[in-house]
Amino acid sequence: MSYETVIGLEIHAELNTKTKMFCGSLNDPNETHPNINICPVCMGHPGTLPTINGEAVKKVIAVGLALDAEIPLFSQFDRKNYFYPDLPKGYQISQYQYPLVVGGSLELPDGRAIRITRVHLEEDTGRLIHDRDSGYTLVDFNRAGVPLMELVTEPDFRTGEEVRWFGEELQRILRYVGASDADMEKGQMRVEVNISLRSLGVEELGTKVEVKNINSFKFAADAVQYEIKRQTALLERGEKVVQETRGWNERVQETFAQRAKESAHDYRYFPEPDLPPLTLSREMVEEIRATVPELPAAKRIRFTKEYGLDGDTSTLLVREKSLADYFEAVVSELGQHEKETLERPRRDLIKTVVSLMMGDFLRLLRETSSSVRDTLITPENFAELALYFAEDTISNLTAKQILEEMFRTGEDPSDLIEKRGLWQIVNANDLDDIVRHVLKENEGVALDVRQGKSAALQFLVGRVMKESRGKAHPQMVRDLLKKHFENATSYSL
């Protein structure tokens with residue numbers, strides 16, 4: 001029998017606010033000392049009262065607007081009751097019936113829209129640390145009370161790759177609007193996948209299995225593929241799929257049972273008595289809308305049209321907002337050199353910038369674990385280097401060498417090139433002297449060229465480049481060599 005996979009997502013993202021959701025304790029994901037950023041409120045001490053973090057509310061509304069969702073003017077916080085060792089109050093303040101964001105969608109690359117059910121705001125739990133050596137479990141409450149956004153989709157996914165693409169695009173949107181750093185390695189973004197199978201042509205949903213707390217979108221896609229195989233095997237044996245919560249073991253590439261899946265009534269939701277309902281104004285929502293920047297999808301389209309980039313290059317540049325902004329700053333600096341660029345079409349110059357940026361520049365960032373925001377190379381200096389390379393005043397090798405030194409020191413490219421004497425030789429007379437010397441030192445190879453051996457010509461080009469310390473223009477070298485070989489006696493000069 002053939003089955004259709006039906007998948008929905010629940011994605012949590014910690015918001016990058018200054019303080020926690022309901023108290024004044026710092027929200028600092030980089031704090032390594034346990035139980036430092038805590039207070040009586042986030043520790044659930046008797047007699048304490050929460051207050052709503054307005055910054056967190058605005059960030060969630062911005063995400064909703066970026067997803068073209070509805071922002072109700074009335075929302076409410078609720079108590080979600082359950083006991084867990086890292087939940088100090090014994091309940092979580094969340095939203096249930098009246099969330100901050102309703103609806104919205106995000107398009108897959110094939111144009112199919114994934115519908116969003118809701119986006120609500122709640123507080124995160126603490127963090128359990130299992131010490132295998134001692135057998136103890138320790139609790140760090142620094143994360144307890146951190147503002148946590150939860151996005152829930154409709155069951156519109158059919159494959160693991162769709163899940164992965166959606167998650168990565170949502171991660172970009174969160175970063176673009178400034179709502180979350182969304183660093184999955186630090187636990188700032190987590191995904192839960194709800195998967196069920198049903199017979200083809202059947203409308204009724206199958207039994208849902210939730211794979212919880214996955215910290216990589218690749219792992220989420222892998223978990224989907226595993227669950228499809230596991231559930232298919234169960235159904236084909238005539239067995240039932242059990243509704244449960246499972247985890248993902250990346251090491252063995254398998255999901256594993258954790259507990260029976262809870263339902264909403266298990267949490268005994270009721271309106272949070274210590275917080276008033278939230279009533280927003282339309283003016284406030286529109287003010288937030290005005291702060292939403294150009295989003296990744298729109299930027300990809302614009303980069304392709306405005307700069308003549310192919311789709312893959314646009315996608316790579318837009319992946320990180322800081323890289324996209326840096327690229328546009330460099331292109332803007334190219335416009336400051338109009339006189340220098342008249343001989344070269346603007347789009348050719350942009351291609352040179354892209355080549356340098358997507359190659360050696362990104363490699364240097366990866367090797368040093370650096371961010372574009374931290375680079376010492378100013379957009380002006382990057383544009384200047386690209387111009388020198390595009391106009392053949394420096395060689396490809398020199399461009400790479402100077403870029404690396406600029407990356408380390410932040411120095412001006414012209415100063416570095418001048419100090420090292422790396423300007424490309426473009427004077428035919430200067431270059432001709434080197435060519436004649438190489439021909440004289442390699443008469444046998446010159447004879448091979450005259451006998452039609454093309455590899456011998458390339459050998460001579462390489463010798464000239466070596467003699468010039470890489471400063472000769474390769475095409476000019478070839479032209480001069482060919483000119484010499486047009487003379488019957490050139491090989492013996």
# chains A, B, ... in the order shown; residues from 1 in each chain; ligands from 1
call {"tool": "residues_around", "arguments": {"residues": "Gln76 (chain A)", "least_positions_apart": "2", "cutoff": "10 Å", "atoms": "only C-alpha atoms", "output": "JSON list (two decimals) with C-alpha atoms, in the first residue's frame"}}
result
[["chain", "number", "residue", "atom", "x", "y", "z"],
["A", 74, "PHE", "CA", -6.21, 41.40, 21.89],
["A", 78, "ASP", "CA", -2.01, 31.56, 30.09],
["A", 94, "SER", "CA", 2.61, 30.82, 27.75],
["A", 95, "GLN", "CA", -0.22, 31.69, 25.34],
["A", 96, "TYR", "CA", -2.96, 29.36, 24.21],
["A", 97, "GLN", "CA", -6.33, 30.68, 23.09],
["A", 98, "TYR", "CA", -5.30, 34.25, 22.24],
["A", 99, "PRO", "CA", -1.76, 34.33, 20.74],
["A", 100, "LEU", "CA", 0.07, 37.43, 19.51],
["A", 120, "HIS", "CA", 2.93, 32.86, 20.47],
["A", 121, "LEU", "CA", 5.17, 34.08, 23.26],
["A", 271, "PRO", "CA", -5.62, 32.60, 31.96],
["A", 272, "GLU", "CA", -2.55, 33.80, 33.85],
["A", 275, "LEU", "CA", -0.85, 39.35, 34.15],
["A", 276, "PRO", "CA", -3.43, 41.57, 32.45],
["A", 277, "PRO", "CA", -4.53, 40.80, 28.88],
["A", 278, "LEU", "CA", -2.58, 42.62, 26.18],
["A", 279, "THR", "CA", -4.47, 45.23, 24.21]]
call {"tool": "residues_around", "arguments": {"residues": "Val102 (chain A)", "least_positions_apart": "4", "cutoff": "6 Å", "atoms": "only C-alpha atoms", "output": "JSON list (two decimals) with N, CA and C atoms, in the first residue's frame"}}
result
[["chain", "number", "residue", "atom", "x", "y", "z"],
["A", 69, "ALA", "N", 1.23, 37.73, 8.53],
["A", 69, "ALA", "CA", 0.22, 37.18, 9.42],
["A", 69, "ALA", "C", -0.70, 38.28, 9.97],
["A", 70, "GLU", "N", -1.73, 37.84, 10.65],
["A", 70, "GLU", "CA", -2.66, 38.78, 11.32],
["A", 70, "GLU", "C", -2.15, 39.04, 12.73],
["A", 118, "ARG", "N", -0.04, 29.80, 14.07],
["A", 118, "ARG", "CA", 0.06, 30.80, 15.13],
["A", 118, "ARG", "C", 1.53, 31.01, 15.49]]
call {"tool": "residues_around", "arguments": {"residues": "region 130-139 of chain A", "least_positions_apart": "2", "cutoff": "9 Å", "atoms": "only C-alpha atoms", "output": "PDB file with N, CA and C atoms, in the first residue's frame"}}
result
ATOM      1  N   PRO A  34      26.895  28.962  35.931  1.00  0.00           N
ATOM      2  CA  PRO A  34      25.485  28.602  36.176  1.00  0.00           C
ATOM      3  C   PRO A  34      24.840  29.456  37.252  1.00  0.00           C
ATOM      4  N   ASN A  35      23.538  29.661  37.091  1.00  0.00           N
ATOM      5  CA  ASN A  35      22.703  30.294  38.109  1.00  0.00           C
ATOM      6  C   ASN A  35      23.211  31.674  38.536  1.00  0.00           C
ATOM      7  N   PRO A  85      11.936  19.253  36.383  1.00  0.00           N
ATOM      8  CA  PRO A  85      12.955  19.764  37.320  1.00  0.00           C
ATOM      9  C   PRO A  85      13.502  21.146  36.966  1.00  0.00           C
ATOM     10  N   ASP A  86      13.531  21.503  35.651  1.00  0.00           N
ATOM     11  CA  ASP A  86      14.101  22.804  35.280  1.00  0.00           C
ATOM     12  C   ASP A  86      13.031  23.874  35.086  1.00  0.00           C
ATOM     13  N   GLY A 126      14.726  26.117  32.399  1.00  0.00           N
ATOM     14  CA  GLY A 126      16.149  26.056  32.685  1.00  0.00           C
ATOM     15  C   GLY A 126      16.806  24.966  31.852  1.00  0.00           C
ATOM     16  N   ARG A 127      18.005  24.592  32.252  1.00  0.00           N
ATOM     17  CA  ARG A 127      18.760  23.609  31.471  1.00  0.00           C
ATOM     18  C   ARG A 127      19.292  22.531  32.405  1.00  0.00           C
ATOM     19  N   LEU A 128      19.039  21.286  32.059  1.00  0.00           N
ATOM     20  CA  LEU A 128      19.534  20.153  32.833  1.00  0.00           C
ATOM     21  C   LEU A 128      20.900  19.712  32.309  1.00  0.00           C
ATOM     22  N   PHE A 141      19.652  27.536  35.969  1.00  0.00           N
ATOM     23  CA  PHE A 141      18.441  28.319  35.743  1.00  0.00           C
ATOM     24  C   PHE A 141      18.691  29.630  34.984  1.00  0.00           C
TER      25      PHE A 141
END
call {"tool": "closest_residue", "arguments": {"among": "A:Ile129, A:Leu460, A:Leu385, A:Leu197", "to": "Leu235 (chain A)", "atoms": "only C-alpha atoms"}}
result
A:Leu197
call {"tool": "residues_around", "arguments": {"residues": "Leu26 (chain A)", "least_positions_apart": "5", "cutoff": "12 Å", "atoms": "only C-alpha atoms", "output": "ChimeraX atom specification"}}
result
/A:16-21,31,35-39,42,141-147
call {"tool": "write_last_selection", "arguments": {"atoms": "N, CA, C and O atoms", "output": "PDB file, in the first residue's frame"}}
result
ATOM      1  N   ASN A  16      16.276  37.727  21.405  1.00  0.00           N
ATOM      2  CA  ASN A  16      17.508  38.376  21.875  1.00  0.00           C
ATOM      3  C   ASN A  16      17.225  39.702  22.576  1.00  0.00           C
ATOM      4  O   ASN A  16      17.784  40.743  22.212  1.00  0.00           O
ATOM      5  N   THR A  17      16.372  39.640  23.566  1.00  0.00           N
ATOM      6  CA  THR A  17      16.071  40.819  24.379  1.00  0.00           C
ATOM      7  C   THR A  17      17.167  41.041  25.421  1.00  0.00           C
ATOM      8  O   THR A  17      17.977  40.145  25.686  1.00  0.00           O
ATOM      9  N   LYS A  18      17.164  42.218  26.022  1.00  0.00           N
ATOM     10  CA  LYS A  18      18.178  42.513  27.051  1.00  0.00           C
ATOM     11  C   LYS A  18      17.892  41.735  28.338  1.00  0.00           C
ATOM     12  O   LYS A  18      18.812  41.278  29.012  1.00  0.00           O
ATOM     13  N   THR A  19      16.614  41.610  28.667  1.00  0.00           N
ATOM     14  CA  THR A  19      16.237  40.939  29.915  1.00  0.00           C
ATOM     15  C   THR A  19      15.259  39.809  29.636  1.00  0.00           C
ATOM     16  O   THR A  19      14.770  39.645  28.519  1.00  0.00           O
ATOM     17  N   LYS A  20      14.962  39.060  30.679  1.00  0.00           N
ATOM     18  CA  LYS A  20      14.071  37.910  30.533  1.00  0.00           C
ATOM     19  C   LYS A  20      12.619  38.343  30.306  1.00  0.00           C
ATOM     20  O   LYS A  20      12.293  39.524  30.314  1.00  0.00           O
ATOM     21  N   MET A  21      11.754  37.354  30.126  1.00  0.00           N
ATOM     22  CA  MET A  21      10.383  37.636  29.704  1.00  0.00           C
ATOM     23  C   MET A  21       9.551  38.328  30.770  1.00  0.00           C
ATOM     24  O   MET A  21       8.776  39.229  30.481  1.00  0.00           O
ATOM     25  N   GLU A  31      26.593  33.531  28.920  1.00  0.00           N
ATOM     26  CA  GLU A  31      27.023  33.358  30.313  1.00  0.00           C
ATOM     27  C   GLU A  31      27.348  31.885  30.568  1.00  0.00           C
ATOM     28  O   GLU A  31      26.517  31.003  30.345  1.00  0.00           O
ATOM     29  N   ASN A  35      23.538  29.661  37.091  1.00  0.00           N
ATOM     30  CA  ASN A  35      22.703  30.294  38.109  1.00  0.00           C
ATOM     31  C   ASN A  35      23.211  31.674  38.536  1.00  0.00           C
ATOM     32  O   ASN A  35      23.210  32.019  39.715  1.00  0.00           O
ATOM     33  N   ILE A  36      23.624  32.458  37.537  1.00  0.00           N
ATOM     34  CA  ILE A  36      24.061  33.838  37.763  1.00  0.00           C
ATOM     35  C   ILE A  36      22.930  34.811  37.441  1.00  0.00           C
ATOM     36  O   ILE A  36      22.617  35.711  38.227  1.00  0.00           O
ATOM     37  N   ASN A  37      22.316  34.621  36.282  1.00  0.00           N
ATOM     38  CA  ASN A  37      21.260  35.532  35.827  1.00  0.00           C
ATOM     39  C   ASN A  37      19.889  35.035  36.287  1.00  0.00           C
ATOM     40  O   ASN A  37      19.059  34.587  35.496  1.00  0.00           O
ATOM     41  N   ILE A  38      19.667  35.109  37.590  1.00  0.00           N
ATOM     42  CA  ILE A  38      18.407  34.645  38.170  1.00  0.00           C
ATOM     43  C   ILE A  38      17.947  35.651  39.224  1.00  0.00           C
ATOM     44  O   ILE A  38      18.727  36.467  39.713  1.00  0.00           O
ATOM     45  N   CYS A  39      16.661  35.577  39.555  1.00  0.00           N
ATOM     46  CA  CYS A  39      16.087  36.437  40.592  1.00  0.00           C
ATOM     47  C   CYS A  39      14.869  35.730  41.177  1.00  0.00           C
ATOM     48  O   CYS A  39      14.447  34.684  40.656  1.00  0.00           O
ATOM     49  N   CYS A  42      12.041  34.839  38.310  1.00  0.00           N
ATOM     50  CA  CYS A  42      12.236  33.719  37.379  1.00  0.00           C
ATOM     51  C   CYS A  42      12.513  32.413  38.116  1.00  0.00           C
ATOM     52  O   CYS A  42      12.433  31.335  37.517  1.00  0.00           O
ATOM     53  N   PHE A 141      19.652  27.536  35.969  1.00  0.00           N
ATOM     54  CA  PHE A 141      18.441  28.319  35.743  1.00  0.00           C
ATOM     55  C   PHE A 141      18.691  29.630  34.984  1.00  0.00           C
ATOM     56  O   PHE A 141      17.790  30.456  34.885  1.00  0.00           O
ATOM     57  N   ASN A 142      19.895  29.824  34.451  1.00  0.00           N
ATOM     58  CA  ASN A 142      20.148  31.058  33.695  1.00  0.00           C
ATOM     59  C   ASN A 142      19.155  31.234  32.546  1.00  0.00           C
ATOM     60  O   ASN A 142      18.769  32.343  32.210  1.00  0.00           O
ATOM     61  N   ARG A 143      18.772  30.118  31.915  1.00  0.00           N
ATOM     62  CA  ARG A 143      17.863  30.182  30.765  1.00  0.00           C
ATOM     63  C   ARG A 143      16.398  30.274  31.187  1.00  0.00           C
ATOM     64  O   ARG A 143      15.533  30.635  30.382  1.00  0.00           O
ATOM     65  N   ALA A 144      16.091  29.941  32.424  1.00  0.00           N
ATOM     66  CA  ALA A 144      14.702  29.943  32.890  1.00  0.00           C
ATOM     67  C   ALA A 144      14.124  31.355  32.804  1.00  0.00           C
ATOM     68  O   ALA A 144      14.674  32.296  33.362  1.00  0.00           O
ATOM     69  N   GLY A 145      13.025  31.485  32.085  1.00  0.00           N
ATOM     70  CA  GLY A 145      12.381  32.784  31.963  1.00  0.00           C
ATOM     71  C   GLY A 145      12.816  33.584  30.753  1.00  0.00           C
ATOM     72  O   GLY A 145      12.310  34.694  30.521  1.00  0.00           O
ATOM     73  N   VAL A 146      13.741  33.054  29.942  1.00  0.00           N
ATOM     74  CA  VAL A 146      14.151  33.760  28.718  1.00  0.00           C
ATOM     75  C   VAL A 146      12.963  33.795  27.755  1.00  0.00           C
ATOM     76  O   VAL A 146      12.246  32.805  27.608  1.00  0.00           O
ATOM     77  N   PRO A 147      12.712  34.936  27.081  1.00  0.00           N
ATOM     78  CA  PRO A 147      11.582  35.014  26.139  1.00  0.00           C
ATOM     79  C   PRO A 147      11.730  33.982  25.024  1.00  0.00           C
ATOM     80  O   PRO A 147      12.782  33.887  24.382  1.00  0.00           O
TER      81      PRO A 147
END
call {"tool": "atom_distance", "arguments": {"atom1": "CA of Asn194 (chain A)", "atom2": "CA of Glu10 (chain A)"}}
result
7.9 Å
call {"tool": "atom_distance", "arguments": {"atom1": "CA of Leu200 (chain A)", "atom2": "CA of Pro155 (chain A)"}}
result
15.5 Å
call {"tool": "residues_around", "arguments": {"residues": "Phe327 (chain A)", "least_positions_apart": "5", "cutoff": "9 Å", "atoms": "only C-alpha atoms", "output": "list of chain:residue names"}}
result
A:Leu317, A:Ser322, A:Ser332, A:Val353, A:Val354, A:Met357, A:Pro379
call {"tool": "closest_residue", "arguments": {"among": "A:Ser371, A:Thr245, A:Gln258, A:Ser75", "to": "Leu280 (chain A)", "atoms": "only C-alpha atoms"}}
result
A:Ser75
call {"tool": "atom_distance", "arguments": {"atom1": "CA of Val330 (chain A)", "atom2": "CA of Ala298 (chain A)"}}
result
19.9 Å
call {"tool": "residues_around", "arguments": {"residues": "Ile350 (chain A)", "least_positions_apart": "4", "cutoff": "12 Å", "atoms": "only C-alpha atoms", "output": "PyMOL selection string"}}
result
chain A and resi 303-304+306-309+313+327-335+341+344-346+354-358+382-383+386-387+389-390
call {"tool": "closest_residue", "arguments": {"among": "A:Gly90, A:Gly47, A:Gly201, A:Gly247", "to": "Ile214 (chain A)", "atoms": "only C-alpha atoms"}}
result
A:Gly247
call {"tool": "residues_around", "arguments": {"residues": "Pro413 (chain A)", "least_positions_apart": "4", "cutoff": "10 Å", "atoms": "only C-alpha atoms", "output": "JSON, numbers by chain"}}
result
{"A": [377, 381, 382, 383, 384, 385, 386, 388, 399, 402, 403, 405, 406, 417, 418, 419]}
call {"tool": "closest_residue", "arguments": {"among": "A:Ile288, A:Lys212, A:Arg172, A:Tyr91", "to": "Glu55 (chain A)", "atoms": "only C-alpha atoms"}}
result
A:Ile288
call {"tool": "closest_residue", "arguments": {"among": "A:Ile7, A:Asp274, A:Glu203, A:Gln171", "to": "Glu227 (chain A)", "atoms": "only C-alpha atoms"}}
result
A:Ile7
